>>> print(open('query.csv').read())   # CSV, C-alpha atoms
chain,number,residue,atom,x,y,z
A,1,MET,CA,87.7,-107.6,-40.7
A,2,PRO,CA,86.9,-105.9,-43.9
A,3,SER,CA,85.9,-102.3,-43.9
A,4,SER,CA,82.4,-102.8,-45.3
A,5,SER,CA,81.5,-105.2,-42.6
A,6,ARG,CA,83.0,-102.9,-40.0
A,7,MET,CA,80.8,-100.0,-41.2
A,8,GLN,CA,77.7,-102.1,-41.1
A,9,ALA,CA,78.5,-103.1,-37.5
A,10,GLN,CA,78.9,-99.4,-36.6
A,11,SER,CA,75.5,-98.4,-38.2
A,12,THR,CA,73.8,-101.3,-36.3
A,13,ALA,CA,75.3,-100.0,-33.0
A,14,VAL,CA,74.1,-96.5,-33.8
A,15,GLU,CA,70.6,-97.7,-34.5
A,16,SER,CA,70.5,-99.7,-31.4
A,17,VAL,CA,71.6,-96.7,-29.3
A,18,ILE,CA,68.9,-94.5,-30.9
A,19,THR,CA,66.3,-97.1,-30.3
A,20,ALA,CA,67.4,-97.5,-26.7
A,21,ALA,CA,67.4,-93.8,-26.2
A,22,SER,CA,64.0,-93.4,-27.8
A,23,THR,CA,62.5,-96.0,-25.5
A,24,ALA,CA,64.2,-94.5,-22.4
A,25,ILE,CA,62.7,-91.1,-22.8
A,26,PRO,CA,59.1,-91.1,-21.6
A,27,ALA,CA,56.6,-89.7,-23.9
A,28,VAL,CA,55.3,-86.2,-22.9
A,29,THR,CA,51.7,-85.8,-23.3
A,30,ILE,CA,49.9,-82.5,-22.6
A,31,THR,CA,46.7,-83.4,-21.1
A,32,SER,CA,45.3,-80.0,-20.4
A,33,LYS,CA,46.3,-76.4,-21.0
A,34,PRO,CA,47.0,-74.3,-17.9
A,35,THR,CA,44.2,-72.1,-17.2
A,36,LEU,CA,44.8,-68.5,-16.5
A,37,THR,CA,42.8,-67.3,-13.6
A,38,ILE,CA,42.7,-63.6,-12.7
A,39,ALA,CA,42.3,-63.0,-9.1
A,40,PRO,CA,39.7,-60.5,-8.4
A,41,SER,CA,41.1,-57.1,-7.6
A,42,PRO,CA,40.4,-55.7,-4.3
A,43,SER,CA,37.1,-54.0,-4.6
A,44,ILE,CA,37.1,-50.3,-4.4
A,45,GLN,CA,34.6,-49.2,-1.9
A,46,GLN,CA,33.0,-46.0,-3.0
A,47,THR,CA,32.1,-43.8,-0.2
A,48,GLN,CA,28.7,-42.2,-0.7
A,49,GLU,CA,28.6,-38.5,-0.7
A,50,PRO,CA,25.8,-37.0,1.2
A,51,SER,CA,22.8,-36.3,-0.9
A,52,PRO,CA,21.5,-32.7,-0.9
A,53,THR,CA,18.5,-33.8,0.9
A,54,SER,CA,20.6,-35.2,3.7
A,55,LEU,CA,22.3,-31.9,4.3
A,56,PRO,CA,21.5,-30.4,7.6
A,57,SER,CA,19.3,-27.4,7.3
A,58,PRO,CA,20.9,-24.2,8.6
A,59,THR,CA,19.4,-23.0,11.7
A,60,LEU,CA,19.4,-19.4,12.8
A,61,SER,CA,21.3,-18.7,15.9
A,62,PRO,CA,20.0,-16.1,18.3
A,63,THR,CA,22.6,-13.7,17.0
A,64,GLN,CA,21.4,-14.1,13.5
A,65,ALA,CA,17.8,-13.3,14.3
A,66,SER,CA,16.2,-11.2,11.5
A,67,LYS,CA,15.9,-7.6,12.2
A,68,PRO,CA,12.4,-6.1,11.9
A,69,THR,CA,11.9,-4.5,8.5
A,70,LEU,CA,10.2,-1.3,7.9
A,71,ALA,CA,6.8,-1.4,6.3
A,72,PRO,CA,6.8,-0.3,2.7
A,73,PRO,CA,5.6,3.2,2.1
A,74,PRO,CA,2.0,3.5,1.0
A,75,THR,CA,1.5,3.2,-2.7
A,76,THR,CA,-0.6,6.3,-3.0
A,77,VAL,CA,2.0,8.9,-2.3
A,78,VAL,CA,0.9,12.3,-3.4
A,79,SER,CA,3.6,14.6,-4.4
A,80,ASP,CA,3.8,18.1,-3.0
A,81,THR,CA,3.4,19.6,-6.4
A,82,SER,CA,0.0,17.8,-6.9
A,83,ASN,CA,-1.1,18.9,-3.4
A,84,ILE,CA,-0.3,22.5,-4.2
A,85,THR,CA,-2.1,22.3,-7.4
A,86,VAL,CA,-5.3,20.9,-5.7
A,87,THR,CA,-5.0,23.6,-3.0
A,88,ASP,CA,-4.7,26.3,-5.6
A,89,ALA,CA,-7.7,25.0,-7.4
A,90,TYR,CA,-9.7,25.0,-4.2
A,91,LYS,CA,-8.5,28.5,-3.5
A,92,ALA,CA,-9.9,29.7,-6.8
A,93,VAL,CA,-13.2,27.9,-6.1
A,94,LEU,CA,-13.4,29.3,-2.6
A,95,LEU,CA,-12.8,32.9,-3.8
A,96,THR,CA,-15.3,32.5,-6.5
A,97,LYS,CA,-17.9,31.3,-4.0
A,98,VAL,CA,-17.1,34.1,-1.6
A,99,ALA,CA,-17.4,36.7,-4.3
A,100,ALA,CA,-20.8,35.2,-5.3
A,101,VAL,CA,-22.0,35.1,-1.7
A,102,ILE,CA,-21.1,38.7,-0.8
A,103,THR,CA,-22.4,40.0,-4.1
A,104,GLU,CA,-25.7,38.2,-3.3
A,105,GLU,CA,-25.6,39.7,0.2
A,106,THR,CA,-25.0,43.2,-1.2
A,107,ALA,CA,-27.8,42.8,-3.7
A,108,LYS,CA,-30.3,41.8,-1.0
A,109,GLN,CA,-29.3,44.7,1.3
A,110,ILE,CA,-29.6,47.2,-1.6
A,111,ALA,CA,-33.0,45.7,-2.5
A,112,ASP,CA,-34.2,46.0,1.1
A,113,GLY,CA,-32.9,49.6,1.3
A,114,LYS,CA,-30.4,48.8,4.0
A,115,LEU,CA,-27.4,49.7,1.9
A,116,SER,CA,-26.9,53.0,0.2
A,117,GLY,CA,-24.4,55.9,-0.1
A,118,LEU,CA,-20.9,55.3,1.1
A,119,LYS,CA,-21.6,51.8,2.4
A,120,SER,CA,-22.7,50.6,-1.0
A,121,TYR,CA,-19.6,52.1,-2.5
A,122,VAL,CA,-17.4,50.3,0.1
A,123,ALA,CA,-19.4,47.1,-0.6
A,124,PHE,CA,-18.8,47.2,-4.3
A,125,PHE,CA,-15.1,48.0,-3.7
A,126,VAL,CA,-14.7,44.9,-1.5
A,127,ILE,CA,-16.5,42.8,-4.1
A,128,GLY,CA,-14.3,44.2,-6.9
A,129,THR,CA,-11.2,43.4,-4.8
A,130,ILE,CA,-12.3,39.8,-4.2
A,131,LEU,CA,-13.2,39.3,-7.8
A,132,SER,CA,-9.7,40.6,-8.8
A,133,ALA,CA,-8.1,38.1,-6.5
A,134,THR,CA,-10.3,35.4,-7.9
A,135,ARG,CA,-9.3,36.2,-11.5
A,136,SER,CA,-5.6,36.1,-10.4
A,137,ALA,CA,-6.2,32.8,-8.8
A,138,PHE,CA,-7.7,31.4,-12.0
A,139,ASN,CA,-4.8,32.8,-14.1
A,140,GLU,CA,-2.1,31.6,-11.8
A,141,THR,CA,-3.4,28.1,-11.4
A,142,ALA,CA,-3.0,25.6,-14.2
A,143,PRO,CA,-6.3,23.7,-14.4
A,144,LEU,CA,-6.1,20.1,-13.6
A,145,PRO,CA,-7.2,17.9,-16.5
A,146,ASP,CA,-9.9,16.2,-14.4
A,147,ILE,CA,-11.8,19.4,-13.8
A,148,GLN,CA,-11.0,21.3,-17.0
A,149,PRO,CA,-14.7,21.6,-18.2
A,150,VAL,CA,-16.0,23.0,-14.9
A,151,TRP,CA,-12.9,25.1,-14.5
A,152,ASP,CA,-13.7,26.9,-17.7
A,153,GLN,CA,-17.3,27.4,-16.5
A,154,GLY,CA,-16.1,28.9,-13.3
A,155,LYS,CA,-13.9,31.3,-15.2
A,156,THR,CA,-16.9,32.3,-17.3
A,157,SER,CA,-18.9,32.9,-14.1
A,158,VAL,CA,-16.3,35.1,-12.6
A,159,ALA,CA,-16.1,37.2,-15.8
A,160,GLY,CA,-19.9,37.5,-15.8
A,161,LEU,CA,-19.9,38.5,-12.1
A,162,SER,CA,-17.2,41.1,-12.7
A,163,ALA,CA,-19.3,42.5,-15.5
A,164,VAL,CA,-22.4,42.8,-13.3
A,165,VAL,CA,-20.5,44.5,-10.5
A,166,SER,CA,-18.7,46.9,-12.8
A,167,ASP,CA,-22.1,48.0,-14.2
B,1,MET,CA,-27.6,34.3,-8.5
B,2,GLN,CA,-28.6,30.9,-9.8
B,3,PRO,CA,-26.7,31.2,-13.1
B,4,VAL,CA,-23.5,32.0,-11.1
B,5,ASN,CA,-23.9,29.5,-8.2
B,6,ALA,CA,-24.6,26.5,-10.4
B,7,PRO,CA,-21.2,26.5,-12.2
B,8,ILE,CA,-19.4,27.4,-9.0
B,9,ASP,CA,-21.0,24.5,-7.2
B,10,SER,CA,-20.1,22.2,-10.1
B,11,MET,CA,-16.5,23.4,-9.9
B,12,GLN,CA,-16.4,22.8,-6.2
B,13,LEU,CA,-17.9,19.3,-6.5
B,14,ALA,CA,-15.4,18.4,-9.2
B,15,ALA,CA,-12.4,19.7,-7.2
B,16,ARG,CA,-13.7,17.9,-4.1
B,17,LYS,CA,-14.1,14.7,-6.0
B,18,LEU,CA,-10.6,15.0,-7.3
B,19,ALA,CA,-9.1,15.8,-3.9
B,20,VAL,CA,-10.9,12.9,-2.2
B,21,GLU,CA,-10.6,10.2,-4.7
B,22,LYS,CA,-7.2,10.9,-6.2
B,23,TYR,CA,-5.3,12.7,-3.5
B,24,ARG,CA,-6.8,11.0,-0.5
B,25,ILE,CA,-7.9,14.2,1.2
B,26,ASP,CA,-10.5,13.9,3.9
B,27,GLY,CA,-13.7,15.1,2.2
B,28,THR,CA,-15.6,15.8,5.4
B,29,LYS,CA,-12.8,18.0,6.8
B,30,LEU,CA,-12.5,19.7,3.4
B,31,ASP,CA,-16.2,20.5,3.4
B,32,GLN,CA,-16.0,21.9,6.9
B,33,LEU,CA,-13.1,24.2,6.0
B,34,TYR,CA,-14.9,25.3,2.9
B,35,ASP,CA,-18.1,26.2,4.6
B,36,LYS,CA,-16.4,27.8,7.5
B,37,ALA,CA,-14.3,30.0,5.2
B,38,ILE,CA,-17.5,31.1,3.4
B,39,GLN,CA,-19.3,31.8,6.6
B,40,ASP,CA,-16.4,33.8,8.0
B,41,MET,CA,-16.1,35.9,4.9
B,42,ARG,CA,-19.8,36.6,4.9
B,43,ALA,CA,-19.7,37.5,8.6
B,44,GLN,CA,-16.8,39.8,8.1
B,45,PHE,CA,-18.5,41.5,5.1
B,46,GLN,CA,-21.8,42.0,7.1
B,47,LYS,CA,-19.8,43.4,10.0
B,48,MET,CA,-18.0,45.8,7.7
B,49,LEU,CA,-21.3,47.1,6.2
B,50,GLN,CA,-22.9,47.8,9.6
>>> encode(input="query.csv", output="structure tokens")
Amino acid sequence: MPSSSRMQAQSTAVESVITAASTAIPAVTITSKPTLTIAPSPSIQQTQEPSPTSLPSPTLSPTQASKPTLAPPPTTVVSDTSNITVTDAYKAVLLTKVAAVITEETAKQIADGKLSGLKSYVAFFVIGTILSATRSAFNETAPLPDIQPVWDQGKTSVAGLSAVVSD
Amino acid sequence: MQPVNAPIDSMQLAARKLAVEKYRIDGTKLDQLYDKAIQDMRAQFQKMLQ
């Protein structure tokens, strides 16, 4: 058998093998793509925190009972200094009034002739002493601003009364 | 005595008003003490002159 014919026979055999092999392998056809499904994750159950409104209100136990509180002091508290100033002012007023009253009494008794001699001298001595104390009270007491005008009038009256008595 | 008594009474009224309204002092009691002091001094003076 010549070599050319032998080579042709081998190629024919190879082609027949390939054809047989190609027919024996079933054709693979992809009908559908696999779908990826994600399973749902287990749900996280969120626990609800209690709202502020749902908080229990504190209740006072008998041991926590509120103690009685002292009443606030009155708003109109007068200091001792102010009281002393008012008292001193009233002392000066009172002494002035007393000096005027006993001077008037002395003048009436002298006019009626009931007072003369040594008694009249004693009377004027007493009046002078009271007027001296009155002047001291006026000088020692700082006049309150509210009564400053009448305070000055009172001092003037005492000075005038002293002038009358000294005459 | 009117020229002397008038300013004294004005001064007493001003001091009384101040004591009562600003310093909450009992005005009635203050008047009683004021009048009693004057009457006592007058009585003592009259007793001394007798």
>>> interface_residues(input="query.csv", of="chain A", to="chain B", cutoff="10 Å", atoms="all atoms listed in the file", output="ChimeraX atom specification")
/A:76-79,82-83,86-87,89-107,109,114-115,118-120,122-123,126-127,144,146-158,160-161
>>> atom_distance(input="query.csv", atom1="CA of Lys36 in chain B", atom2="CA of Ala137 in chain A")
19.9 Å
>>> atom_distance(input="query.csv", atom1="CA of Asp167 in chain A", atom2="CA of Gly113 in chain A")
19.0 Å
>>> atom_distance(input="query.csv", atom1="CA of Lys47 in chain B", atom2="CA of Leu33 in chain B")
20.7 Å
>>> build_atoms(input="query.csv", residues="range 5-38 of chain B", atoms="N, CA and C atoms", output="PDB file, in the coordinates of the input")
ATOM      1  N   ASN B   5     -24.192  30.570  -9.251  1.00  0.00           N
ATOM      2  CA  ASN B   5     -23.900  29.500  -8.200  1.00  0.00           C
ATOM      3  C   ASN B   5     -23.819  28.147  -8.830  1.00  0.00           C
ATOM      4  N   ALA B   6     -24.585  27.878  -9.874  1.00  0.00           N
ATOM      5  CA  ALA B   6     -24.600  26.500 -10.400  1.00  0.00           C
ATOM      6  C   ALA B   6     -23.184  26.116 -10.944  1.00  0.00           C
ATOM      7  N   PRO B   7     -22.509  26.913 -11.772  1.00  0.00           N
ATOM      8  CA  PRO B   7     -21.200  26.500 -12.200  1.00  0.00           C
ATOM      9  C   PRO B   7     -20.144  26.508 -11.085  1.00  0.00           C
ATOM     10  N   ILE B   8     -20.336  27.400 -10.089  1.00  0.00           N
ATOM     11  CA  ILE B   8     -19.400  27.400  -9.000  1.00  0.00           C
ATOM     12  C   ILE B   8     -19.536  26.122  -8.151  1.00  0.00           C
ATOM     13  N   ASP B   9     -20.792  25.716  -7.925  1.00  0.00           N
ATOM     14  CA  ASP B   9     -21.000  24.500  -7.200  1.00  0.00           C
ATOM     15  C   ASP B   9     -20.473  23.263  -7.976  1.00  0.00           C
ATOM     16  N   SER B  10     -20.656  23.309  -9.293  1.00  0.00           N
ATOM     17  CA  SER B  10     -20.100  22.200 -10.100  1.00  0.00           C
ATOM     18  C   SER B  10     -18.612  22.143 -10.026  1.00  0.00           C
ATOM     19  N   MET B  11     -18.001  23.321 -10.043  1.00  0.00           N
ATOM     20  CA  MET B  11     -16.500  23.400  -9.900  1.00  0.00           C
ATOM     21  C   MET B  11     -16.065  22.876  -8.574  1.00  0.00           C
ATOM     22  N   GLN B  12     -16.807  23.257  -7.541  1.00  0.00           N
ATOM     23  CA  GLN B  12     -16.400  22.800  -6.200  1.00  0.00           C
ATOM     24  C   GLN B  12     -16.578  21.316  -6.039  1.00  0.00           C
ATOM     25  N   LEU B  13     -17.657  20.785  -6.598  1.00  0.00           N
ATOM     26  CA  LEU B  13     -17.900  19.300  -6.500  1.00  0.00           C
ATOM     27  C   LEU B  13     -16.787  18.563  -7.268  1.00  0.00           C
ATOM     28  N   ALA B  14     -16.409  19.092  -8.429  1.00  0.00           N
ATOM     29  CA  ALA B  14     -15.400  18.400  -9.200  1.00  0.00           C
ATOM     30  C   ALA B  14     -14.025  18.470  -8.484  1.00  0.00           C
ATOM     31  N   ALA B  15     -13.706  19.625  -7.901  1.00  0.00           N
ATOM     32  CA  ALA B  15     -12.400  19.700  -7.200  1.00  0.00           C
ATOM     33  C   ALA B  15     -12.469  18.856  -5.914  1.00  0.00           C
ATOM     34  N   ARG B  16     -13.635  18.773  -5.266  1.00  0.00           N
ATOM     35  CA  ARG B  16     -13.700  17.900  -4.100  1.00  0.00           C
ATOM     36  C   ARG B  16     -13.563  16.450  -4.443  1.00  0.00           C
ATOM     37  N   LYS B  17     -14.211  16.050  -5.519  1.00  0.00           N
ATOM     38  CA  LYS B  17     -14.100  14.700  -6.000  1.00  0.00           C
ATOM     39  C   LYS B  17     -12.642  14.313  -6.295  1.00  0.00           C
ATOM     40  N   LEU B  18     -11.983  15.229  -6.964  1.00  0.00           N
ATOM     41  CA  LEU B  18     -10.600  15.000  -7.300  1.00  0.00           C
ATOM     42  C   LEU B  18      -9.716  14.908  -6.058  1.00  0.00           C
ATOM     43  N   ALA B  19      -9.947  15.812  -5.109  1.00  0.00           N
ATOM     44  CA  ALA B  19      -9.100  15.800  -3.900  1.00  0.00           C
ATOM     45  C   ALA B  19      -9.358  14.566  -3.057  1.00  0.00           C
ATOM     46  N   VAL B  20     -10.587  14.093  -3.014  1.00  0.00           N
ATOM     47  CA  VAL B  20     -10.900  12.900  -2.200  1.00  0.00           C
ATOM     48  C   VAL B  20     -10.466  11.639  -2.816  1.00  0.00           C
ATOM     49  N   GLU B  21     -10.812  11.473  -4.085  1.00  0.00           N
ATOM     50  CA  GLU B  21     -10.600  10.200  -4.700  1.00  0.00           C
ATOM     51  C   GLU B  21      -9.126  10.013  -5.184  1.00  0.00           C
ATOM     52  N   LYS B  22      -8.525  11.058  -5.680  1.00  0.00           N
ATOM     53  CA  LYS B  22      -7.200  10.900  -6.200  1.00  0.00           C
ATOM     54  C   LYS B  22      -6.093  11.254  -5.248  1.00  0.00           C
ATOM     55  N   TYR B  23      -6.342  12.245  -4.411  1.00  0.00           N
ATOM     56  CA  TYR B  23      -5.300  12.700  -3.500  1.00  0.00           C
ATOM     57  C   TYR B  23      -5.541  12.373  -2.068  1.00  0.00           C
ATOM     58  N   ARG B  24      -6.555  11.557  -1.804  1.00  0.00           N
ATOM     59  CA  ARG B  24      -6.800  11.000  -0.500  1.00  0.00           C
ATOM     60  C   ARG B  24      -6.945  12.084   0.591  1.00  0.00           C
ATOM     61  N   ILE B  25      -7.601  13.161   0.267  1.00  0.00           N
ATOM     62  CA  ILE B  25      -7.900  14.200   1.200  1.00  0.00           C
ATOM     63  C   ILE B  25      -9.203  13.951   1.897  1.00  0.00           C
ATOM     64  N   ASP B  26      -9.264  14.193   3.197  1.00  0.00           N
ATOM     65  CA  ASP B  26     -10.500  13.900   3.900  1.00  0.00           C
ATOM     66  C   ASP B  26     -11.598  14.865   3.423  1.00  0.00           C
ATOM     67  N   GLY B  27     -12.608  14.288   2.823  1.00  0.00           N
ATOM     68  CA  GLY B  27     -13.700  15.100   2.200  1.00  0.00           C
ATOM     69  C   GLY B  27     -14.517  15.825   3.259  1.00  0.00           C
ATOM     70  N   THR B  28     -14.773  15.174   4.394  1.00  0.00           N
ATOM     71  CA  THR B  28     -15.600  15.800   5.400  1.00  0.00           C
ATOM     72  C   THR B  28     -14.894  17.050   5.985  1.00  0.00           C
ATOM     73  N   LYS B  29     -13.596  16.891   6.247  1.00  0.00           N
ATOM     74  CA  LYS B  29     -12.800  18.000   6.800  1.00  0.00           C
ATOM     75  C   LYS B  29     -12.743  19.144   5.730  1.00  0.00           C
ATOM     76  N   LEU B  30     -12.607  18.736   4.498  1.00  0.00           N
ATOM     77  CA  LEU B  30     -12.500  19.700   3.400  1.00  0.00           C
ATOM     78  C   LEU B  30     -13.828  20.524   3.318  1.00  0.00           C
ATOM     79  N   ASP B  31     -14.948  19.829   3.428  1.00  0.00           N
ATOM     80  CA  ASP B  31     -16.200  20.500   3.400  1.00  0.00           C
ATOM     81  C   ASP B  31     -16.388  21.486   4.575  1.00  0.00           C
ATOM     82  N   GLN B  32     -15.945  21.033   5.745  1.00  0.00           N
ATOM     83  CA  GLN B  32     -16.000  21.900   6.900  1.00  0.00           C
ATOM     84  C   GLN B  32     -15.216  23.159   6.752  1.00  0.00           C
ATOM     85  N   LEU B  33     -14.001  23.010   6.257  1.00  0.00           N
ATOM     86  CA  LEU B  33     -13.100  24.200   6.000  1.00  0.00           C
ATOM     87  C   LEU B  33     -13.728  25.108   4.989  1.00  0.00           C
ATOM     88  N   TYR B  34     -14.266  24.513   3.945  1.00  0.00           N
ATOM     89  CA  TYR B  34     -14.900  25.300   2.900  1.00  0.00           C
ATOM     90  C   TYR B  34     -16.054  26.121   3.359  1.00  0.00           C
ATOM     91  N   ASP B  35     -16.963  25.458   4.077  1.00  0.00           N
ATOM     92  CA  ASP B  35     -18.100  26.200   4.600  1.00  0.00           C
ATOM     93  C   ASP B  35     -17.749  27.208   5.634  1.00  0.00           C
ATOM     94  N   LYS B  36     -16.778  26.869   6.480  1.00  0.00           N
ATOM     95  CA  LYS B  36     -16.400  27.800   7.500  1.00  0.00           C
ATOM     96  C   LYS B  36     -15.728  29.058   6.899  1.00  0.00           C
ATOM     97  N   ALA B  37     -14.935  28.861   5.851  1.00  0.00           N
ATOM     98  CA  ALA B  37     -14.300  30.000   5.200  1.00  0.00           C
ATOM     99  C   ALA B  37     -15.373  30.927   4.583  1.00  0.00           C
ATOM    100  N   ILE B  38     -16.396  30.326   3.984  1.00  0.00           N
ATOM    101  CA  ILE B  38     -17.500  31.100   3.400  1.00  0.00           C
ATOM    102  C   ILE B  38     -18.248  31.887   4.446  1.00  0.00           C
TER     103      ILE B  38
END
